[in-house]
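S.K.: So here's run_15.pdb (PDB, C-alpha atoms and all ligand atoms).
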```pdb
ATOM      1  CA  MET Q   1     156.750 126.855  24.986  1.00  0.00           C
ATOM      2  CA  ALA Q   2     154.658 129.504  26.718  1.00  0.00           C
ATOM      3  CA  LYS Q   3     151.452 130.481  24.985  1.00  0.00           C
ATOM      4  CA  THR Q   4     150.822 134.186  24.583  1.00  0.00           C
ATOM      5  CA  GLN Q   5     147.534 134.037  22.677  1.00  0.00           C
ATOM      6  CA  PRO Q   6     144.326 132.607  24.162  1.00  0.00           C
ATOM      7  CA  ARG Q   7     143.440 129.323  22.581  1.00  0.00           C
ATOM      8  CA  GLU Q   8     140.103 128.639  20.961  1.00  0.00           C
ATOM      9  CA  CYS Q   9     137.537 126.458  22.730  1.00  0.00           C
ATOM     10  CA  GLN Q  10     135.911 124.943  19.670  1.00  0.00           C
ATOM     11  CA  PRO Q  11     135.016 122.142  19.481  1.00  0.00           C
ATOM     12  CA  CYS Q  12     135.367 121.719  23.260  1.00  0.00           C
ATOM     13  CA  THR Q  13     132.297 122.412  25.395  1.00  0.00           C
ATOM     14  CA  GLY Q  14     133.616 120.679  28.514  1.00  0.00           C
ATOM     15  CA  CYS Q  15     132.924 123.410  31.070  1.00  0.00           C
ATOM     16  CA  CYS Q  16     129.338 123.930  29.810  1.00  0.00           C
ATOM     17  CA  ASP Q  17     128.593 120.198  29.755  1.00  0.00           C
ATOM     18  CA  GLY Q  18     128.602 119.827  33.522  1.00  0.00           C
ATOM     19  CA  TRP Q  19     131.922 118.153  34.256  1.00  0.00           C
ATOM     20  CA  LEU Q  20     132.811 120.953  36.667  1.00  0.00           C
ATOM     21  CA  GLN Q  21     129.535 120.640  38.560  1.00  0.00           C
ATOM     22  CA  ILE Q  22     128.537 124.286  38.531  1.00  0.00           C
ATOM     23  CA  VAL Q  23     125.350 126.265  39.106  1.00  0.00           C
ATOM     24  CA  VAL Q  24     124.279 128.629  36.336  1.00  0.00           C
ATOM     25  CA  GLU Q  25     121.494 131.112  37.031  1.00  0.00           C
ATOM     26  CA  GLY Q  26     120.404 128.960  39.964  1.00  0.00           C
ATOM     27  CA  LYS Q  27     120.287 125.740  37.955  1.00  0.00           C
ATOM     28  CA  PRO Q  28     122.658 122.873  38.775  1.00  0.00           C
ATOM     29  CA  VAL Q  29     124.845 121.761  35.870  1.00  0.00           C
ATOM     30  CA  TYR Q  30     126.459 118.355  36.193  1.00  0.00           C
ATOM     31  CA  PRO Q  31     127.391 115.374  34.005  1.00  0.00           C
ATOM     32  CA  GLY Q  32     124.335 114.398  32.006  1.00  0.00           C
ATOM     33  CA  LYS Q  33     122.739 117.794  32.768  1.00  0.00           C
ATOM     34  CA  PRO Q  34     124.469 120.422  30.593  1.00  0.00           C
ATOM     35  CA  CYS Q  35     123.908 124.139  31.064  1.00  0.00           C
ATOM     36  CA  HIS Q  36     120.519 125.318  29.774  1.00  0.00           C
ATOM     37  CA  HIS Q  37     122.406 127.808  27.550  1.00  0.00           C
ATOM     38  CA  SER Q  38     124.561 125.130  25.955  1.00  0.00           C
ATOM     39  CA  THR Q  39     123.744 124.386  22.343  1.00  0.00           C
ATOM     40  CA  GLY Q  40     126.051 121.394  22.290  1.00  0.00           C
ATOM     41  CA  SER Q  41     128.622 123.392  20.344  1.00  0.00           C
ATOM     42  CA  GLY Q  42     128.677 126.662  22.302  1.00  0.00           C
ATOM     43  CA  CYS Q  43     126.660 129.113  24.384  1.00  0.00           C
ATOM     44  CA  ASP Q  44     123.406 130.600  23.096  1.00  0.00           C
ATOM     45  CA  ASP Q  45     123.934 133.801  25.123  1.00  0.00           C
ATOM     46  CA  TYR Q  46     127.694 134.103  25.380  1.00  0.00           C
ATOM     47  CA  GLU Q  47     127.753 137.911  25.552  1.00  0.00           C
ATOM     48  CA  ASN Q  48     125.464 137.820  28.583  1.00  0.00           C
ATOM     49  CA  ARG Q  49     126.938 134.780  30.328  1.00  0.00           C
ATOM     50  CA  PRO Q  50     126.993 135.229  34.101  1.00  0.00           C
ATOM     51  CA  VAL Q  51     130.056 136.466  35.941  1.00  0.00           C
ATOM     52  CA  ASP Q  52     129.825 133.579  38.398  1.00  0.00           C
ATOM     53  CA  PRO Q  53     130.757 130.976  37.323  1.00  0.00           C
ATOM     54  CA  CYS Q  54     131.290 131.594  33.596  1.00  0.00           C
ATOM     55  CA  ARG Q  55     133.350 134.789  33.350  1.00  0.00           C
ATOM     56  CA  GLN Q  56     135.329 133.997  36.483  1.00  0.00           C
ATOM     57  CA  PHE Q  57     136.278 130.536  35.308  1.00  0.00           C
ATOM     58  CA  VAL Q  58     139.891 130.223  34.216  1.00  0.00           C
ATOM     59  CA  CYS Q  59     140.390 127.122  32.114  1.00  0.00           C
ATOM     60  CA  GLY Q  60     143.920 125.851  32.631  1.00  0.00           C
ATOM     61  CA  TRP Q  61     144.339 124.933  28.995  1.00  0.00           C
ATOM     62  CA  ARG Q  62     142.962 128.173  27.612  1.00  0.00           C
ATOM     63  CA  MET Q  63     144.555 130.652  29.990  1.00  0.00           C
ATOM     64  CA  THR Q  64     147.350 132.915  28.815  1.00  0.00           C
ATOM     65  CA  ASP Q  65     150.761 131.273  29.178  1.00  0.00           C
ATOM     66  CA  SER Q  66     149.217 127.926  29.995  1.00  0.00           C
ATOM     67  CA  PRO Q  67     151.847 125.283  30.690  1.00  0.00           C
ATOM     68  CA  LEU Q  68     149.507 122.636  29.303  1.00  0.00           C
ATOM     69  CA  PRO Q  69     150.567 121.300  25.908  1.00  0.00           C
ATOM     70  CA  GLU Q  70     148.242 121.486  22.934  1.00  0.00           C
ATOM     71  CA  TRP Q  71     147.172 117.844  23.255  1.00  0.00           C
ATOM     72  CA  MET Q  72     145.842 118.561  26.771  1.00  0.00           C
ATOM     73  CA  LYS Q  73     142.854 120.402  25.340  1.00  0.00           C
ATOM     74  CA  PRO Q  74     139.946 119.168  27.492  1.00  0.00           C
ATOM     75  CA  SER Q  75     138.028 117.724  24.549  1.00  0.00           C
ATOM     76  CA  ASN Q  76     141.104 115.722  23.568  1.00  0.00           C
ATOM     77  CA  ALA Q  77     142.824 114.828  26.852  1.00  0.00           C
ATOM     78  CA  LYS Q  78     139.490 114.399  28.675  1.00  0.00           C
ATOM     79  CA  VAL Q  79     140.497 116.513  31.641  1.00  0.00           C
ATOM     80  CA  ILE Q  80     139.815 120.099  32.728  1.00  0.00           C
ATOM     81  CA  VAL Q  81     142.638 121.601  34.770  1.00  0.00           C
ATOM     82  CA  LEU Q  82     142.223 124.486  37.202  1.00  0.00           C
ATOM     83  CA  PHE Q  83     145.554 125.834  38.366  1.00  0.00           C
ATOM     84  CA  ASP Q  84     146.232 127.368  41.765  1.00  0.00           C
ATOM     85  CA  GLN Q  85     142.904 126.552  43.354  1.00  0.00           C
ATOM     86  CA  THR Q  86     144.363 126.661  46.840  1.00  0.00           C
ATOM     87  CA  GLN Q  87     147.610 126.292  48.784  1.00  0.00           C
ATOM     88  CA  TRP Q  88     148.877 123.650  51.166  1.00  0.00           C
ATOM     89  CA  ARG Q  89     151.726 124.701  53.451  1.00  0.00           C
ATOM     90  CA  GLY Q  90     152.798 127.263  50.892  1.00  0.00           C
ATOM     91  CA  MET Q  91     152.572 124.797  48.006  1.00  0.00           C
ATOM     92  CA  ALA Q  92     150.284 125.565  45.068  1.00  0.00           C
ATOM     93  CA  VAL Q  93     147.480 123.056  44.634  1.00  0.00           C
ATOM     94  CA  ASP Q  94     145.997 122.388  41.182  1.00  0.00           C
ATOM     95  CA  VAL Q  95     142.686 120.657  40.549  1.00  0.00           C
ATOM     96  CA  ALA Q  96     141.893 118.303  37.666  1.00  0.00           C
ATOM     97  CA  VAL Q  97     138.402 117.111  36.735  1.00  0.00           C
ATOM     98  CA  PRO Q  98     137.722 114.363  34.187  1.00  0.00           C
ATOM     99  CA  VAL Q  99     135.668 114.876  31.060  1.00  0.00           C
ATOM    100  CA  GLY Q 100     134.172 111.435  31.445  1.00  0.00           C
ATOM    101  CA  ARG Q 101     134.423 109.025  34.323  1.00  0.00           C
ATOM    102  CA  ARG Q 102     138.161 109.151  34.973  1.00  0.00           C
ATOM    103  CA  ILE Q 103     141.144 111.158  33.797  1.00  0.00           C
ATOM    104  CA  PRO Q 104     142.871 109.014  31.150  1.00  0.00           C
ATOM    105  CA  PRO Q 105     146.293 107.633  32.188  1.00  0.00           C
ATOM    106  CA  ARG Q 106     148.343 109.733  29.737  1.00  0.00           C
ATOM    107  CA  ALA Q 107     146.847 113.000  30.984  1.00  0.00           C
ATOM    108  CA  LEU Q 108     147.057 111.982  34.641  1.00  0.00           C
ATOM    109  CA  GLN Q 109     150.698 111.013  34.261  1.00  0.00           C
ATOM    110  CA  TRP Q 110     151.449 114.366  32.650  1.00  0.00           C
ATOM    111  CA  LEU Q 111     149.763 116.215  35.538  1.00  0.00           C
ATOM    112  CA  GLN Q 112     151.539 114.166  38.193  1.00  0.00           C
ATOM    113  CA  GLN Q 113     154.887 114.722  36.503  1.00  0.00           C
ATOM    114  CA  PHE Q 114     154.164 118.444  36.259  1.00  0.00           C
ATOM    115  CA  ALA Q 115     153.286 118.572  39.973  1.00  0.00           C
ATOM    116  CA  GLN Q 116     156.450 116.716  40.912  1.00  0.00           C
ATOM    117  CA  THR Q 117     158.729 118.795  38.707  1.00  0.00           C
ATOM    118  CA  HIS Q 118     157.313 122.107  39.898  1.00  0.00           C
ATOM    119  CA  HIS Q 119     156.798 121.166  43.562  1.00  0.00           C
ATOM    120  CA  ARG Q 120     153.059 121.462  43.387  1.00  0.00           C
ATOM    121  CA  ALA Q 121     150.244 119.324  44.728  1.00  0.00           C
ATOM    122  CA  LEU Q 122     147.347 117.934  42.741  1.00  0.00           C
ATOM    123  CA  LEU Q 123     143.758 117.101  43.606  1.00  0.00           C
ATOM    124  CA  TYR Q 124     141.946 115.102  40.974  1.00  0.00           C
ATOM    125  CA  SER Q 125     138.494 113.649  40.848  1.00  0.00           C
ATOM    126  CA  GLU Q 126     136.527 110.760  39.443  1.00  0.00           C
ATOM    127  CA  GLN Q 127     132.861 111.013  38.511  1.00  0.00           C
ATOM    128  CA  ASN Q 128     130.567 108.716  40.427  1.00  0.00           C
ATOM    129  CA  VAL Q 129     128.234 106.517  38.399  1.00  0.00           C
ATOM    130  CA  VAL Q 130     124.904 105.382  39.841  1.00  0.00           C
ATOM    131  CA  ASP Q 131     122.746 102.818  38.014  1.00  0.00           C
ATOM    132  CA  GLY Q 132     124.893 103.181  34.927  1.00  0.00           C
ATOM    133  CA  LYS Q 133     124.515 106.978  34.780  1.00  0.00           C
ATOM    134  CA  PHE Q 134     126.765 109.813  35.845  1.00  0.00           C
ATOM    135  CA  SER Q 135     125.587 111.380  39.087  1.00  0.00           C
ATOM    136  CA  ASN Q 136     126.258 114.811  40.515  1.00  0.00           C
ATOM    137  CA  ARG Q 137     128.843 113.331  42.885  1.00  0.00           C
ATOM    138  CA  GLN Q 138     132.590 112.928  42.591  1.00  0.00           C
ATOM    139  CA  SER Q 139     135.296 111.211  44.581  1.00  0.00           C
ATOM    140  CA  ALA Q 140     138.672 112.880  44.994  1.00  0.00           C
ATOM    141  CA  HIS Q 141     142.297 111.767  45.036  1.00  0.00           C
ATOM    142  CA  ALA Q 142     145.397 113.587  46.198  1.00  0.00           C
ATOM    143  CA  TYR Q 143     148.863 113.550  44.652  1.00  0.00           C
ATOM    144  CA  GLY Q 144     151.771 115.159  46.441  1.00  0.00           C
ATOM    145  CA  PRO Q 145     153.620 114.829  49.763  1.00  0.00           C
ATOM    146  CA  PRO Q 146     152.365 112.004  52.044  1.00  0.00           C
ATOM    147  CA  GLU Q 147     151.220 114.569  54.640  1.00  0.00           C
ATOM    148  CA  PHE Q 148     149.118 116.283  51.975  1.00  0.00           C
ATOM    149  CA  GLN Q 149     147.530 112.980  50.973  1.00  0.00           C
ATOM    150  CA  GLN Q 150     146.843 112.183  54.626  1.00  0.00           C
ATOM    151  CA  GLU Q 151     145.251 115.553  55.259  1.00  0.00           C
ATOM    152  CA  ILE Q 152     143.019 115.260  52.201  1.00  0.00           C
ATOM    153  CA  ALA Q 153     141.953 111.749  53.252  1.00  0.00           C
ATOM    154  CA  GLU Q 154     141.017 113.103  56.693  1.00  0.00           C
ATOM    155  CA  ARG Q 155     139.097 116.012  55.182  1.00  0.00           C
ATOM    156  CA  MET Q 156     137.162 113.660  52.933  1.00  0.00           C
ATOM    157  CA  GLN Q 157     136.311 111.404  55.849  1.00  0.00           C
ATOM    158  CA  SER Q 158     135.001 114.295  57.875  1.00  0.00           C
ATOM    159  CA  GLY Q 159     133.133 115.816  54.926  1.00  0.00           C
ATOM    160  CA  MET Q 160     135.174 119.024  54.939  1.00  0.00           C
ATOM    161  CA  PRO Q 161     135.640 120.937  51.690  1.00  0.00           C
ATOM    162  CA  LEU Q 162     138.865 120.055  49.913  1.00  0.00           C
ATOM    163  CA  TRP Q 163     139.588 123.589  48.734  1.00  0.00           C
TER     164      TRP Q 163
HETATM  165  S1  LIG Y 201     136.905 123.468  29.176  1.00  0.00           S
HETATM  166 FE1  LIG Y 201     138.315 125.087  28.505  1.00  0.00          FE
HETATM  167  S2  LIG Y 201     138.664 124.676  26.317  1.00  0.00           S
HETATM  168 FE2  LIG Y 201     136.826 123.529  26.943  1.00  0.00          FE
HETATM  169  S3  LIG Y 201     135.080 124.887  26.470  1.00  0.00           S
HETATM  170 FE3  LIG Y 201     135.643 125.256  28.606  1.00  0.00          FE
HETATM  171  S4  LIG Y 201     137.086 126.990  28.535  1.00  0.00           S
HETATM  172 FE4  LIG Y 201     136.966 126.143  26.459  1.00  0.00          FE
HETATM  173  S1  LIG Y 202     125.980 130.259  30.407  1.00  0.00           S
HETATM  174 FE1  LIG Y 202     127.043 129.798  28.499  1.00  0.00          FE
HETATM  175  S2  LIG Y 202     129.239 129.925  29.011  1.00  0.00           S
HETATM  176 FE2  LIG Y 202     128.091 129.722  30.957  1.00  0.00          FE
HETATM  177  S3  LIG Y 202     128.035 127.484  31.371  1.00  0.00           S
HETATM  178 FE3  LIG Y 202     126.153 128.034  30.266  1.00  0.00          FE
HETATM  179  S4  LIG Y 202     126.631 127.606  28.108  1.00  0.00           S
HETATM  180 FE4  LIG Y 202     128.587 127.746  29.208  1.00  0.00          FE
END
```
Go through the file and emit its structure as structure tokens.
M.R.:
Amino acid sequence: MAKTQPRECQPCTGCCDGWLQIVVEGKPVYPGKPCHHSTGSGCDDYENRPVDPCRQFVCGWRMTDSPLPEWMKPSNAKVIVLFDQTQWRGMAVDVAVPVGRRIPPRALQWLQQFAQTHHRALLYSEQNVVDGKFSNRQSAHAYGPPEFQQEIAERMQSGMPLW
């Protein structure tokens, strides 16, 4: 059922914890290096949070009319979904980032089924671990038509941005 009221973040802090690999006020935020404003349960300066990336960020679970079910809350499903990040041959492309090393199978299956049912494509990532610690690097995977997967593989090989 479509959601008409924004959902509450608490107790999720996924986007402030670095899983999205953002830069806040010039400081890189990545897994193991949360935002300097993060208290671990919220933002210490929420009213003054920057436009880019904080105010511009549209969390796929929290957005109005999100198609994601309740259980796909990032703190529960261990994935942050960003809808409509780009297009491929007229097809909407969604992006999914794990909260942890990999997107758990149940959540990934839901996203793949959603993409298939709605004729969308999906890019999803895996966090790279170096010496037993999360790094600021990710590897990406593509789900969708074979030509889409091929194109993404070629872009990755040549170091081109994926979206
Ligand atoms: S990932 Fe989504 S639900 Fe979690 S804190 Fe960020 S906006 Fe809120
Ligand atoms: S400034 Fe606040 S809202 Fe933005 S990433 Fe940091 S803790 Fe999160």
S.K.: Which centre and which edge lengths, in Å to one decimal, describe the axis-aligned box that holds all listed atoms of ligand LIG 201 (chain Y) after 5 Å is added on each side, as AutoDock Vina command-line options?
M.R.:
```
--center_x 136.9 --center_y 125.2 --center_z 27.7 --size_x 13.6 --size_y 13.5 --size_z 12.9
```
S.K.: Taking only C-alpha atoms and all ligand atoms into account, which of Q:Gly26, Q:Pro6, Q:Gly159, Q:Pro146 comes nearest ligand LIG 202 (chain Y)?
M.R.: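 For ligand LIG 202 (chain Y), the nearest of the given residues is Q:Gly26.
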S.K.: Since I can't run it myself right now, could you work out what the PyMOL selection byres (((chain Q and resi 33) around 12) and not hetatm) selects here and report it as an mmCIF file with C-alpha atoms, keeping the file's coordinate frame?
M.R.:
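The file below, result-v7.cif, is the result:
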```cif
data_model
loop_
_atom_site.group_PDB
_atom_site.id
_atom_site.type_symbol
_atom_site.label_atom_id
_atom_site.label_comp_id
_atom_site.auth_asym_id
_atom_site.auth_seq_id
_atom_site.Cartn_x
_atom_site.Cartn_y
_atom_site.Cartn_z
ATOM 1 C CA CYS Q 15 132.924 123.410 31.070
ATOM 2 C CA CYS Q 16 129.338 123.930 29.810
ATOM 3 C CA ASP Q 17 128.593 120.198 29.755
ATOM 4 C CA GLY Q 18 128.602 119.827 33.522
ATOM 5 C CA TRP Q 19 131.922 118.153 34.256
ATOM 6 C CA LEU Q 20 132.811 120.953 36.667
ATOM 7 C CA GLN Q 21 129.535 120.640 38.560
ATOM 8 C CA ILE Q 22 128.537 124.286 38.531
ATOM 9 C CA VAL Q 23 125.350 126.265 39.106
ATOM 10 C CA VAL Q 24 124.279 128.629 36.336
ATOM 11 C CA LYS Q 27 120.287 125.740 37.955
ATOM 12 C CA PRO Q 28 122.658 122.873 38.775
ATOM 13 C CA VAL Q 29 124.845 121.761 35.870
ATOM 14 C CA TYR Q 30 126.459 118.355 36.193
ATOM 15 C CA PRO Q 31 127.391 115.374 34.005
ATOM 16 C CA GLY Q 32 124.335 114.398 32.006
ATOM 17 C CA PRO Q 34 124.469 120.422 30.593
ATOM 18 C CA CYS Q 35 123.908 124.139 31.064
ATOM 19 C CA HIS Q 36 120.519 125.318 29.774
ATOM 20 C CA HIS Q 37 122.406 127.808 27.550
ATOM 21 C CA SER Q 38 124.561 125.130 25.955
ATOM 22 C CA GLY Q 40 126.051 121.394 22.290
ATOM 23 C CA LYS Q 133 124.515 106.978 34.780
ATOM 24 C CA PHE Q 134 126.765 109.813 35.845
ATOM 25 C CA SER Q 135 125.587 111.380 39.087
ATOM 26 C CA ASN Q 136 126.258 114.811 40.515
#
```
S.K.: Determine the residue membership of the PyMOL selection byres (((not hetatm)) within 8 of (chain Y and resi 201)) for the file above and supply it as a VMD selection string.
M.R.: chain Q and resid 7 to 16 42 57 to 62 73 to 75 80
S.K.: Would you list the contacts of Ser125 (chain Q) as JSON, numbers by chain, taking every protein, DNA or RNA residue within 9 Å and counting only C-alpha atoms, but skipping same-chain residues closer than 3 positions in sequence?
M.R.: {"Q": [95, 96, 97, 98, 101, 102, 103, 138, 139, 140, 141, 142]}
S.K.: Using the chain letters and numbers from this file, what does the PyMOL selection byres (((chain Q and resi 148-158) around 12) and not hetatm) select? Give the answer as a compact mmCIF listing (two decimals) with C-alpha atoms, in the frame of the given file.
M.R.:
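Saved as out03.txt:
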```txt
# COMPACT_ATOMS: atom_id res chain seq x y z
CA GLN Q 87 147.61 126.29 48.78
CA TRP Q 88 148.88 123.65 51.17
CA ARG Q 89 151.73 124.70 53.45
CA GLY Q 90 152.80 127.26 50.89
CA MET Q 91 152.57 124.80 48.01
CA ALA Q 92 150.28 125.56 45.07
CA VAL Q 93 147.48 123.06 44.63
CA ARG Q 120 153.06 121.46 43.39
CA ALA Q 121 150.24 119.32 44.73
CA LEU Q 122 147.35 117.93 42.74
CA LEU Q 123 143.76 117.10 43.61
CA TYR Q 124 141.95 115.10 40.97
CA GLN Q 138 132.59 112.93 42.59
CA SER Q 139 135.30 111.21 44.58
CA ALA Q 140 138.67 112.88 44.99
CA HIS Q 141 142.30 111.77 45.04
CA ALA Q 142 145.40 113.59 46.20
CA TYR Q 143 148.86 113.55 44.65
CA GLY Q 144 151.77 115.16 46.44
CA PRO Q 145 153.62 114.83 49.76
CA PRO Q 146 152.36 112.00 52.04
CA GLU Q 147 151.22 114.57 54.64
CA GLY Q 159 133.13 115.82 54.93
CA MET Q 160 135.17 119.02 54.94
CA PRO Q 161 135.64 120.94 51.69
CA LEU Q 162 138.86 120.06 49.91
CA TRP Q 163 139.59 123.59 48.73
```
